[in-house]
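Below: target.txt (compact mmCIF, C-alpha atoms)
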```txt
# COMPACT_ATOMS: atom_id res chain seq x y z
CA MET A 1 8.75 -32.76 -24.18
CA LYS A 2 12.15 -32.06 -22.72
CA GLU A 3 12.12 -29.45 -19.97
CA ASP A 4 13.85 -26.18 -20.78
CA LYS A 5 15.92 -25.37 -17.70
CA GLY A 6 16.25 -21.75 -18.80
CA ALA A 7 12.53 -21.12 -19.33
CA ARG A 8 10.44 -18.99 -17.01
CA TRP A 9 7.42 -20.53 -15.33
CA PHE A 10 4.97 -19.28 -17.97
CA GLU A 11 6.93 -20.35 -21.06
CA LEU A 12 4.86 -23.49 -21.57
CA GLU A 13 2.79 -25.17 -24.27
CA CYS A 14 -0.11 -26.01 -21.96
CA VAL A 15 -1.45 -24.87 -18.60
CA PRO A 16 -0.12 -27.02 -15.72
CA LYS A 17 -2.79 -28.62 -13.53
CA GLU A 18 -1.87 -26.47 -10.51
CA TYR A 19 -3.03 -23.38 -12.46
CA ILE A 20 -6.35 -24.83 -13.61
CA PHE A 21 -9.32 -23.49 -11.65
CA PRO A 22 -12.50 -25.45 -10.94
CA THR A 23 -15.06 -25.01 -13.69
CA GLU A 24 -17.21 -22.57 -11.71
CA TYR A 25 -14.27 -20.12 -11.37
CA ARG A 26 -13.07 -20.24 -14.97
CA PRO A 27 -13.70 -17.17 -17.13
CA GLN A 28 -16.36 -17.33 -19.82
CA ASN A 29 -16.93 -15.15 -22.89
CA LEU A 30 -13.29 -14.16 -23.18
CA GLU A 31 -13.92 -12.79 -26.65
CA SER A 32 -16.71 -10.45 -25.55
CA PRO A 33 -16.24 -6.87 -26.78
CA VAL A 34 -15.02 -4.00 -24.63
CA CYS A 35 -17.90 -2.41 -22.75
CA ASP A 36 -18.46 1.05 -24.20
CA SER A 37 -20.76 2.12 -21.36
CA ILE A 38 -18.02 2.37 -18.73
CA PRO A 39 -17.70 6.16 -18.31
CA VAL A 40 -14.61 7.98 -19.55
CA ILE A 41 -14.48 11.31 -17.72
CA SER A 42 -12.38 14.29 -18.69
CA LEU A 43 -11.21 16.16 -15.61
CA ALA A 44 -10.44 19.20 -17.77
CA ASN A 45 -14.10 19.82 -18.49
CA SER A 46 -15.46 22.36 -16.01
CA LYS A 47 -18.83 23.16 -17.58
CA ALA A 48 -21.34 23.90 -14.82
CA GLU A 49 -24.32 21.61 -14.55
CA ASN A 50 -26.92 21.42 -11.76
CA GLY A 51 -24.68 23.45 -9.53
CA HIS A 52 -21.70 21.11 -10.03
CA SER A 53 -18.99 20.93 -12.66
CA GLN A 54 -19.53 18.33 -15.36
CA PRO A 55 -16.77 16.01 -14.04
CA VAL A 56 -18.41 16.02 -10.59
CA GLU A 57 -21.77 15.07 -12.09
CA GLU A 58 -20.20 12.34 -14.20
CA ILE A 59 -18.18 10.89 -11.31
CA LEU A 60 -21.26 10.94 -9.11
CA LYS A 61 -23.35 9.09 -11.72
CA ALA A 62 -20.63 6.52 -12.45
CA SER A 63 -20.04 5.84 -8.76
CA GLN A 64 -23.75 5.28 -8.14
CA GLU A 65 -24.43 3.11 -11.15
CA LEU A 66 -21.29 1.01 -11.61
CA GLY A 67 -18.50 1.96 -9.22
CA PHE A 68 -16.01 2.08 -12.11
CA PHE A 69 -14.88 4.85 -14.44
CA GLN A 70 -11.81 6.08 -16.30
CA VAL A 71 -10.32 9.56 -16.14
CA ILE A 72 -8.45 11.43 -18.88
CA ASN A 73 -6.97 14.94 -18.97
CA HIS A 74 -5.97 14.28 -15.37
CA GLY A 75 -2.84 16.39 -15.33
CA ILE A 76 -0.28 13.66 -14.63
CA PRO A 77 2.65 14.01 -17.05
CA GLU A 78 2.79 11.15 -19.52
CA LYS A 79 6.55 10.80 -18.91
CA THR A 80 5.97 10.17 -15.19
CA VAL A 81 3.62 7.31 -16.02
CA THR A 82 5.83 5.87 -18.77
CA ASP A 83 8.90 5.94 -16.52
CA ALA A 84 6.97 4.12 -13.78
CA MET A 85 5.78 1.40 -16.14
CA ASN A 86 9.26 0.99 -17.58
CA VAL A 87 10.98 0.68 -14.22
CA LEU A 88 8.45 -1.90 -13.05
CA LYS A 89 9.02 -3.86 -16.26
CA GLU A 90 12.72 -3.80 -15.43
CA PHE A 91 11.97 -5.06 -11.93
CA PHE A 92 9.93 -8.03 -13.15
CA ASP A 93 12.48 -8.82 -15.87
CA MET A 94 15.23 -8.91 -13.23
CA GLN A 95 13.60 -11.66 -11.19
CA VAL A 96 15.45 -14.94 -11.38
CA LYS A 97 13.86 -17.59 -13.53
CA ASP A 98 13.32 -20.04 -10.70
CA THR A 99 12.12 -18.07 -7.71
CA THR A 100 10.63 -19.07 -4.41
CA THR A 101 7.26 -17.65 -3.40
CA GLU A 102 8.94 -14.74 -1.72
CA THR A 103 12.20 -13.50 -3.19
CA VAL A 104 12.95 -10.95 -0.49
CA PRO A 105 12.41 -10.83 3.26
CA ARG A 106 9.43 -8.75 4.31
CA LYS A 107 11.67 -6.76 6.60
CA LYS A 108 13.15 -5.23 3.45
CA GLY A 109 9.94 -3.31 3.03
CA TYR A 110 8.30 -4.96 0.05
CA ILE A 111 6.80 -8.28 -1.03
CA TYR A 112 7.33 -10.02 -4.33
CA THR A 113 5.44 -13.21 -5.15
CA ASN A 114 5.72 -15.26 -8.29
CA SER A 115 3.14 -17.62 -9.75
CA THR A 116 3.28 -19.89 -6.68
CA ASP A 117 0.96 -17.38 -5.00
CA PHE A 118 -2.10 -19.42 -4.00
CA ALA A 119 -5.49 -18.06 -4.98
CA LYS A 120 -8.18 -20.65 -4.31
CA ASP A 121 -8.02 -24.19 -2.95
CA GLY A 122 -4.35 -24.58 -3.81
CA VAL A 123 -4.65 -23.27 -7.38
CA HIS A 124 -2.11 -20.69 -8.51
CA LEU A 125 -2.80 -17.34 -10.14
CA TRP A 126 -1.28 -16.68 -13.56
CA ARG A 127 0.71 -13.64 -12.47
CA GLU A 128 3.64 -12.20 -10.60
CA ASN A 129 2.92 -9.52 -8.00
CA PHE A 130 4.96 -6.86 -6.25
CA LYS A 131 3.72 -4.56 -3.50
CA HIS A 132 5.04 -2.09 -0.98
CA PRO A 133 3.80 0.70 1.31
CA CYS A 134 3.83 4.32 0.17
CA HIS A 135 2.84 6.28 3.27
CA PRO A 136 4.45 8.26 4.75
CA LEU A 137 6.36 8.53 1.48
CA GLU A 138 9.56 9.96 2.94
CA GLU A 139 9.77 7.08 5.43
CA CYS A 140 9.00 4.35 2.90
CA ILE A 141 11.26 5.20 -0.02
CA HIS A 142 14.45 3.78 1.47
CA LEU A 143 12.65 0.46 2.09
CA TRP A 144 11.85 0.01 -1.58
CA PRO A 145 14.08 -1.95 -3.99
CA ASP A 146 17.44 -0.37 -4.78
CA THR A 147 17.54 -2.19 -8.10
CA PRO A 148 16.74 -1.08 -10.71
CA THR A 149 18.83 1.83 -9.49
CA ARG A 150 16.26 4.44 -10.50
CA TYR A 151 13.30 2.60 -8.96
CA GLN A 152 12.97 4.71 -5.81
CA GLU A 153 13.22 8.05 -7.62
CA VAL A 154 10.82 7.12 -10.42
CA ILE A 155 8.13 5.52 -8.27
CA ALA A 156 8.28 8.29 -5.67
CA ALA A 157 7.56 10.82 -8.43
CA TYR A 158 4.66 8.66 -9.61
CA ILE A 159 3.17 8.37 -6.10
CA VAL A 160 3.34 12.15 -5.62
CA GLU A 161 1.25 12.61 -8.76
CA ILE A 162 -1.20 9.88 -7.77
CA GLN A 163 -1.67 11.56 -4.39
CA LYS A 164 -2.59 14.80 -6.16
CA LEU A 165 -5.02 13.00 -8.44
CA SER A 166 -6.64 11.04 -5.61
CA THR A 167 -7.12 14.22 -3.58
CA ARG A 168 -8.73 15.90 -6.57
CA ILE A 169 -11.11 12.99 -7.19
CA LEU A 170 -12.07 12.68 -3.52
CA GLU A 171 -12.79 16.42 -3.39
CA MET A 172 -15.11 16.01 -6.39
CA ILE A 173 -16.80 13.13 -4.61
CA CYS A 174 -17.25 15.31 -1.52
CA GLU A 175 -18.89 17.96 -3.64
CA GLY A 176 -21.17 15.47 -5.36
CA LEU A 177 -22.28 13.85 -2.11
CA GLY A 178 -22.75 17.16 -0.35
CA LEU A 179 -19.99 16.52 2.18
CA GLU A 180 -17.88 19.38 3.46
CA GLN A 181 -14.74 20.07 1.44
CA GLY A 182 -11.74 18.39 3.00
CA TYR A 183 -13.84 15.57 4.45
CA PHE A 184 -11.14 13.04 3.45
CA LYS A 185 -8.15 15.34 3.89
CA ASP A 186 -6.82 13.94 7.17
CA THR A 187 -8.28 10.46 6.87
CA SER A 188 -7.09 9.20 3.48
CA GLU A 189 -3.67 8.30 2.13
CA VAL A 190 -2.06 6.45 -0.77
CA GLN A 191 -1.13 3.55 1.49
CA PHE A 192 0.46 1.10 -0.89
CA LEU A 193 1.26 0.18 -4.45
CA SER A 194 0.57 -3.19 -6.02
CA SER A 195 2.01 -3.97 -9.42
CA ASN A 196 1.13 -7.04 -11.46
CA PHE A 197 2.74 -8.85 -14.36
CA TYR A 198 0.45 -11.18 -16.33
CA PRO A 199 2.38 -13.07 -19.03
CA PRO A 200 0.72 -14.74 -22.02
CA CYS A 201 -1.11 -17.96 -21.14
CA PRO A 202 -1.51 -21.05 -23.38
CA ASP A 203 -5.22 -21.36 -22.49
CA PRO A 204 -6.83 -18.34 -20.76
CA SER A 205 -10.12 -20.21 -20.37
CA LEU A 206 -8.61 -22.39 -17.63
CA THR A 207 -7.03 -19.88 -15.29
CA LEU A 208 -7.18 -16.33 -13.90
CA GLY A 209 -4.83 -13.43 -13.26
CA ILE A 210 -6.83 -12.26 -10.23
CA LEU A 211 -9.95 -13.78 -8.69
CA PRO A 212 -13.18 -11.73 -8.46
CA HIS A 213 -12.96 -9.29 -5.55
CA VAL A 214 -13.79 -5.81 -4.30
CA ASP A 215 -11.13 -3.47 -2.95
CA PRO A 216 -10.90 -2.55 0.78
CA SER A 217 -10.11 1.04 -0.15
CA LEU A 218 -11.78 4.40 -0.55
CA ILE A 219 -10.77 4.44 -4.18
CA THR A 220 -8.23 2.49 -6.18
CA ILE A 221 -6.39 4.17 -9.06
CA LEU A 222 -5.11 1.79 -11.71
CA TYR A 223 -2.88 2.36 -14.70
CA GLN A 224 -3.00 -0.51 -17.19
CA GLY A 225 -1.05 0.93 -20.10
CA GLY A 226 -2.40 -0.33 -23.39
CA SER A 227 -3.22 -3.82 -22.15
CA THR A 228 -6.65 -5.36 -21.68
CA GLY A 229 -7.74 -8.11 -19.30
CA LEU A 230 -9.54 -6.16 -16.58
CA GLN A 231 -13.19 -7.14 -16.24
CA VAL A 232 -15.98 -5.77 -14.04
CA ILE A 233 -19.46 -7.02 -13.19
CA LYS A 234 -22.16 -5.00 -14.96
CA ASP A 235 -25.80 -6.05 -14.90
CA GLY A 236 -24.75 -9.47 -13.66
CA GLN A 237 -22.29 -10.08 -16.51
CA TRP A 238 -18.52 -9.82 -16.79
CA VAL A 239 -17.57 -7.06 -19.23
CA ASN A 240 -14.15 -5.97 -20.48
CA VAL A 241 -12.75 -2.60 -19.44
CA GLY A 242 -11.09 -0.86 -22.35
CA ALA A 243 -7.45 0.21 -22.29
CA ILE A 244 -7.42 3.91 -23.18
CA PRO A 245 -4.01 5.57 -23.74
CA ASN A 246 -2.87 7.67 -20.77
CA ALA A 247 -6.10 7.04 -18.84
CA PHE A 248 -6.49 5.88 -15.24
CA VAL A 249 -9.15 3.44 -14.12
CA VAL A 250 -10.80 4.47 -10.85
CA ASN A 251 -12.92 2.07 -8.87
CA ILE A 252 -14.92 2.68 -5.73
CA GLY A 253 -13.68 0.67 -2.75
CA ASN A 254 -15.95 -0.81 -0.12
CA GLN A 255 -14.90 1.80 2.45
CA LEU A 256 -16.33 4.60 0.31
CA GLU A 257 -19.43 2.48 -0.23
CA ILE A 258 -19.84 2.51 3.57
CA ILE A 259 -19.20 6.25 3.95
CA SER A 260 -21.72 6.98 1.18
CA ASN A 261 -24.23 4.74 2.99
CA TRP A 262 -24.50 2.50 -0.09
CA LYS A 263 -25.16 5.35 -2.49
CA PHE A 264 -21.90 4.41 -4.20
CA LYS A 265 -21.27 0.84 -5.29
CA SER A 266 -18.05 -1.11 -4.89
CA ALA A 267 -17.97 -3.26 -8.01
CA LYS A 268 -16.56 -6.77 -8.16
CA HIS A 269 -13.73 -7.09 -10.69
CA ARG A 270 -11.11 -9.60 -11.88
CA VAL A 271 -8.32 -10.03 -14.42
CA VAL A 272 -8.29 -12.61 -17.21
CA THR A 273 -5.24 -13.63 -19.22
CA SER A 274 -4.46 -13.64 -22.93
CA THR A 275 -2.73 -16.06 -25.29
CA HIS A 276 -0.70 -13.33 -26.95
CA GLU A 277 -0.70 -10.21 -24.79
CA THR A 278 1.44 -9.35 -21.77
CA ARG A 279 -0.34 -7.22 -19.21
CA ARG A 280 1.39 -4.99 -16.67
CA SER A 281 -0.48 -2.74 -14.30
CA ILE A 282 0.09 -0.41 -11.34
CA ALA A 283 -2.64 -0.20 -8.72
CA THR A 284 -2.45 2.38 -5.95
CA PHE A 285 -4.79 1.97 -3.01
CA VAL A 286 -6.14 5.15 -1.46
CA ASN A 287 -7.20 3.89 1.95
CA PRO A 288 -8.49 5.36 5.19
CA SER A 289 -5.90 5.97 7.89
CA PRO A 290 -5.50 2.79 10.00
CA ASN A 291 -7.07 4.31 13.13
CA CYS A 292 -9.90 6.00 11.25
CA ILE A 293 -13.47 5.03 12.21
CA ILE A 294 -15.39 4.18 9.05
CA GLU A 295 -19.13 4.76 9.12
CA PRO A 296 -21.79 6.43 6.98
CA ALA A 297 -21.28 10.19 6.80
CA LYS A 298 -23.64 11.91 9.26
CA ASN A 299 -25.28 14.15 6.69
CA LEU A 300 -26.08 11.17 4.47
CA VAL A 301 -28.03 9.40 7.20
CA ASN A 302 -31.58 9.79 8.43
CA GLU A 303 -30.98 9.24 12.14
CA LEU A 304 -34.71 9.45 12.91
CA GLU A 305 -35.35 6.17 11.11
CA PRO A 306 -34.22 3.26 13.30
CA THR A 307 -34.93 0.34 10.95
CA LEU A 308 -31.92 -0.86 8.94
CA TYR A 309 -32.65 -1.77 5.36
CA LYS A 310 -31.26 -1.43 1.86
CA ALA A 311 -33.38 0.44 -0.61
CA SER A 312 -33.34 -0.84 -4.15
CA GLN A 313 -32.40 2.60 -5.43
CA ASN A 314 -30.60 5.37 -3.59
CA LEU A 315 -30.31 8.96 -4.75
CA VAL A 316 -27.85 11.33 -3.17
CA ASN A 317 -30.59 13.67 -2.03
CA GLU A 318 -32.50 10.86 -0.28
CA LEU A 319 -31.48 10.10 3.30
CA GLU A 320 -31.63 6.50 4.43
CA PRO A 321 -30.95 5.08 7.88
CA ALA A 322 -27.35 4.03 8.55
CA LEU A 323 -26.78 0.73 6.78
CA TYR A 324 -23.40 0.00 8.34
CA LYS A 325 -22.03 -0.06 11.86
CA PRO A 326 -18.91 1.99 12.75
CA SER A 327 -15.62 0.08 12.47
CA GLN A 328 -11.98 1.02 12.86
CA TYR A 329 -10.31 0.55 9.48
CA LYS A 330 -7.33 -1.47 10.71
CA GLU A 331 -9.65 -3.79 12.62
CA TYR A 332 -11.80 -4.27 9.54
CA VAL A 333 -8.75 -5.14 7.44
CA LEU A 334 -7.44 -7.69 9.95
CA HIS A 335 -10.78 -9.34 10.67
CA SER A 336 -11.70 -9.61 6.99
CA ASN A 337 -8.16 -10.62 5.95
CA ALA A 338 -8.60 -7.95 3.29
CA PHE A 339 -5.21 -8.43 1.60
CA GLY A 340 -5.00 -12.20 1.88
CA ASP A 341 -1.77 -13.70 3.16
CA ASP A 342 -0.12 -10.26 3.09
CA THR A 343 -2.69 -8.58 5.34
CA ALA A 344 -0.64 -8.52 8.55
CA ALA A 345 2.52 -7.42 6.73
CA ILE A 346 0.72 -4.58 4.96
CA GLN A 347 -0.90 -3.41 8.18
CA ASN A 348 2.49 -3.37 9.87
CA GLY A 349 4.06 -1.38 7.07
CA LEU A 350 6.11 -4.40 5.98
CA ARG A 351 8.72 -3.54 8.58
```
Output the structure of this file as structure tokens.
Amino acid sequence: MKEDKGARWFELECVPKEYIFPTEYRPQNLESPVCDSIPVISLANSKAENGHSQPVEEILKASQELGFFQVINHGIPEKTVTDAMNVLKEFFDMQVKDTTTETVPRKKGYIYTNSTDFAKDGVHLWRENFKHPCHPLEECIHLWPDTPTRYQEVIAAYIVEIQKLSTRILEMICEGLGLEQGYFKDTSEVQFLSSNFYPPCPDPSLTLGILPHVDPSLITILYQGGSTGLQVIKDGQWVNVGAIPNAFVVNIGNQLEIISNWKFKSAKHRVVTSTHETRRSIATFVNPSPNCIIEPAKNLVNELEPTLYKASQNLVNELEPALYKPSQYKEYVLHSNAFGDDTAAIQNGLR
């Protein structure tokens, strides 16, 4: 077949060998139905139940059992979300057809990687990725792309709304866990945005959009538009997360798992590709402040019990010994290489 010099990297009839994962990493059961047991929680519902509002009870239950849920009636204007998705589509469409791994210097304040982004043992992910810091917002905006021309304005408006939503969800989590209100107020921030573009793939059974992982965040808030592909581990099996119009997916990060003393679960998740569907998503990571010490919340720990162990089942009203040692968040990120090859750049604010 004659090579099309004008084609983008994914406009192919078969998957190139450098994108083919070893058998043990390849996705199975791609045609499995969407899991209907992943909670969809309306934040507008304020019916009291067991001393808490219904959303608090539902978030608490979802965070304990799965670590994944979706929220609707969240208060973010649909236009704000649509504008953000559209401007990110423009950004990805603008990228030249034959890019290097990094199209812009990191000193510009953002990182773009195309499909040459290594994932595992030299195999490439089937995606393009774009990320940049968001905190403090007023100091970061001018470091973001100036093309498309409306990018900075549109994404700043989106981040402001996400900050409001994340604060609201974390306050509900505080209430559910019995932590004092404002527990996360001075120690959490929407640190950065990561947007992904997953084009159609000739054979989704051979490759992945993102490898299985857990997030090094308190919570991650994801908007996936109407596209599927996100999967989460449930009862030892990969299940598909449905794409609900104008809903946000919220997953518990491993830092909140620590603070909750393993009462909440940070679920492993991944993204698979599709032969016919293009997936675009915006993930915003609500992380602890870099200098914050992360450890189990004092009132969730039985300090009289010295033995460290993990109970098979934890209820919020049961106090266990501390299951994790204190750690400064920035040290955890660096030592665990939490964001892969971009870890140092993200920690340094990409400047």
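If you look at CA of Glu320 (chain A) and CA of Thr187 (chain A), they are 23.8 Å away from each other.
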Q: Tell me which protein, DNA and RNA residues are within 8 Å of His213 (chain A), counting all atoms listed in the file, leaving out same-chain ones fewer than 6 positions away, and put them as a ChimeraX atom specification.
A: /A:268-270
Go ahead and dump the residues you just picked, C-alpha atoms, as a CSV table (one decimal), in the coordinates of the input.
```csv
chain,number,residue,atom,x,y,z
A,268,LYS,CA,-16.6,-6.8,-8.2
A,269,HIS,CA,-13.7,-7.1,-10.7
A,270,ARG,CA,-11.1,-9.6,-11.9
```
Q: Might you pull out every residue within 10 Å of region 23-30 of chain A, with all atoms listed in the file counted and same-chain residues fewer than 5 positions away left off, and present them as JSON, numbers by chain?
A: {"A": [120, 204, 205, 206, 207, 208, 211, 212, 229, 231, 237, 238, 239, 240, 270, 271, 272, 273, 274]}
Q: Rounded to one decimal place, report the CA of Asn254 (chain A)-CA of Asn348 (chain A) distance in Å.
A: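 Separation of CA of Asn254 (chain A) and CA of Asn348 (chain A): 21.1 Å.
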Q: Kindly give the distance, in Å, that separates CA of Thr82 (chain A) and CA of Asn246 (chain A), rounded to a single decimal.
A: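 It comes out at 9.1 Å.
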Q. Looking at only C-alpha atoms, which of A:Leu222, A:Leu143, A:Ala338, A:Val301 is the one that sits closest to Phe248 (chain A)?
A.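 That would be A:Leu222, the residue with the smallest distance to Phe248 (chain A).
Remark: for Gly122 (chain A), the closest of the candidate residues A:Tyr324, A:Phe21, A:Tyr158, A:Phe197 is A:Phe21 (distances computed over all atoms listed in the file).
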Q) Around (-19.8, 14.8, -5.5) in the file's own coordinates, what residues are found within 12 Å if you use only C-alpha atoms, given back as a PyMOL selection string? A) chain A and resi 50-64+168-181+183+260+263-264+316-317
(Q) Give me, as JSON, numbers by chain, all polymer residues having an atom no more than 9 Å from Ala44 (chain A), counting all atoms listed in the file and skipping those fewer than 3 positions away in the same chain. (A) {"A": [41, 55, 72, 73, 74, 75]}
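Closest approach to Phe10 (chain A) among A:Leu193, A:Leu125, A:Cys35, A:Leu165: A:Leu125, based on all atoms listed in the file.
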Need to verify the contact set: Phe192 (chain A), 10 Å, only C-alpha atoms, exclusion of same-chain residues closer than 6 positions in sequence. Can you return it as a short mmCIF file (atom, residue, chain, number, x, y, z; two decimals) with C-alpha atoms, in the frame of the given file?
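Now in selection_5.cif:
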```
data_model
loop_
_atom_site.label_atom_id
_atom_site.label_comp_id
_atom_site.auth_asym_id
_atom_site.auth_seq_id
_atom_site.Cartn_x
_atom_site.Cartn_y
_atom_site.Cartn_z
CA TYR A 110 8.30 -4.96 0.05
CA LYS A 131 3.72 -4.56 -3.50
CA HIS A 132 5.04 -2.09 -0.98
CA PRO A 133 3.80 0.70 1.31
CA CYS A 134 3.83 4.32 0.17
CA HIS A 135 2.84 6.28 3.27
CA PRO A 136 4.45 8.26 4.75
CA LEU A 137 6.36 8.53 1.48
CA CYS A 140 9.00 4.35 2.90
CA ILE A 159 3.17 8.37 -6.10
CA ALA A 283 -2.64 -0.20 -8.72
CA THR A 284 -2.45 2.38 -5.95
CA PHE A 285 -4.79 1.97 -3.01
CA VAL A 286 -6.14 5.15 -1.46
CA ASN A 287 -7.20 3.89 1.95
CA ILE A 346 0.72 -4.58 4.96
CA GLY A 349 4.06 -1.38 7.07
#
```
Q) Can you list, as a PyMOL selection string, every protein, DNA or RNA residue that comes within 9 Å of Ile38 (chain A) when you count all atoms listed in the file, leaving out same-chain residues fewer than 4 positions away? A) chain A and resi 62+66+68-70+241-242
**Q.** Which residue of A:Asp235, A:Glu153, A:Glu128, A:Glu138 approaches Ser195 (chain A) most closely, using all atoms listed in the file
**A.**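 Closest residue, counting all atoms listed in the file: A:Glu128.
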Q: Find the residue from A:Leu88, A:Cys14, A:Leu334, A:Ala156 that sits nearest to Thr275 (chain A); use only C-alpha atoms when measuring.
A: A:Cys14
Q.
Could you check the closest approach to Ile293 (chain A) for each of A:Thr220, A:Thr278, A:Ser188, A:Ser266 and tell me which residue wins, using all atoms listed in the file?
A.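 Closest to Ile293 (chain A) of all the choices is A:Ser188.
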Would you mind completing region 228-245 of chain A to N, CA, C and O atoms and writing the output as a tab-separated table (two decimals), in the frame of the given file?
```tsv
chain	number	residue	atom	x	y	z
A	228	THR	N	-5.32	-5.00	-22.14
A	228	THR	CA	-6.65	-5.36	-21.68
A	228	THR	C	-6.56	-6.53	-20.70
A	228	THR	O	-5.47	-7.03	-20.41
A	229	GLY	N	-7.70	-6.98	-20.23
A	229	GLY	CA	-7.74	-8.11	-19.30
A	229	GLY	C	-8.57	-7.82	-18.06
A	229	GLY	O	-9.08	-8.74	-17.41
A	230	LEU	N	-8.72	-6.55	-17.72
A	230	LEU	CA	-9.54	-6.16	-16.58
A	230	LEU	C	-11.01	-6.32	-16.93
A	230	LEU	O	-11.46	-5.85	-17.97
A	231	GLN	N	-11.75	-6.98	-16.05
A	231	GLN	CA	-13.19	-7.14	-16.24
A	231	GLN	C	-13.93	-6.71	-14.98
A	231	GLN	O	-13.42	-6.85	-13.86
A	232	VAL	N	-15.15	-6.21	-15.15
A	232	VAL	CA	-15.98	-5.77	-14.04
A	232	VAL	C	-17.39	-6.32	-14.24
A	232	VAL	O	-17.83	-6.55	-15.37
A	233	ILE	N	-18.07	-6.56	-13.12
A	233	ILE	CA	-19.46	-7.02	-13.19
A	233	ILE	C	-20.39	-5.85	-13.52
A	233	ILE	O	-20.37	-4.82	-12.84
A	234	LYS	N	-21.16	-6.01	-14.58
A	234	LYS	CA	-22.16	-5.00	-14.96
A	234	LYS	C	-23.44	-5.73	-15.35
A	234	LYS	O	-23.42	-6.58	-16.25
A	235	ASP	N	-24.51	-5.40	-14.65
A	235	ASP	CA	-25.80	-6.05	-14.90
A	235	ASP	C	-25.70	-7.58	-14.84
A	235	ASP	O	-26.30	-8.31	-15.64
A	236	GLY	N	-24.87	-8.03	-13.88
A	236	GLY	CA	-24.75	-9.47	-13.66
A	236	GLY	C	-23.83	-10.20	-14.61
A	236	GLY	O	-23.67	-11.43	-14.52
A	237	GLN	N	-23.18	-9.47	-15.52
A	237	GLN	CA	-22.29	-10.08	-16.51
A	237	GLN	C	-20.89	-9.49	-16.42
A	237	GLN	O	-20.72	-8.32	-16.10
A	238	TRP	N	-19.89	-10.32	-16.72
A	238	TRP	CA	-18.52	-9.82	-16.79
A	238	TRP	C	-18.31	-9.08	-18.10
A	238	TRP	O	-18.61	-9.62	-19.17
A	239	VAL	N	-17.84	-7.84	-18.02
A	239	VAL	CA	-17.57	-7.06	-19.23
A	239	VAL	C	-16.11	-6.58	-19.19
A	239	VAL	O	-15.53	-6.38	-18.12
A	240	ASN	N	-15.54	-6.41	-20.36
A	240	ASN	CA	-14.15	-5.97	-20.48
A	240	ASN	C	-14.03	-4.46	-20.35
A	240	ASN	O	-14.82	-3.72	-20.93
A	241	VAL	N	-13.04	-4.02	-19.59
A	241	VAL	CA	-12.75	-2.60	-19.44
A	241	VAL	C	-11.71	-2.21	-20.47
A	241	VAL	O	-10.63	-2.81	-20.52
A	242	GLY	N	-12.00	-1.25	-21.29
A	242	GLY	CA	-11.09	-0.86	-22.35
A	242	GLY	C	-9.80	-0.25	-21.83
A	242	GLY	O	-9.76	0.32	-20.74
A	243	ALA	N	-8.75	-0.39	-22.62
A	243	ALA	CA	-7.45	0.21	-22.29
A	243	ALA	C	-7.28	1.48	-23.12
A	243	ALA	O	-7.00	1.42	-24.32
A	244	ILE	N	-7.48	2.62	-22.50
A	244	ILE	CA	-7.42	3.91	-23.18
A	244	ILE	C	-6.05	4.53	-22.91
A	244	ILE	O	-5.61	4.59	-21.75
A	245	PRO	N	-5.35	4.99	-23.94
A	245	PRO	CA	-4.01	5.57	-23.74
A	245	PRO	C	-4.02	6.70	-22.71
A	245	PRO	O	-4.87	7.60	-22.75
```
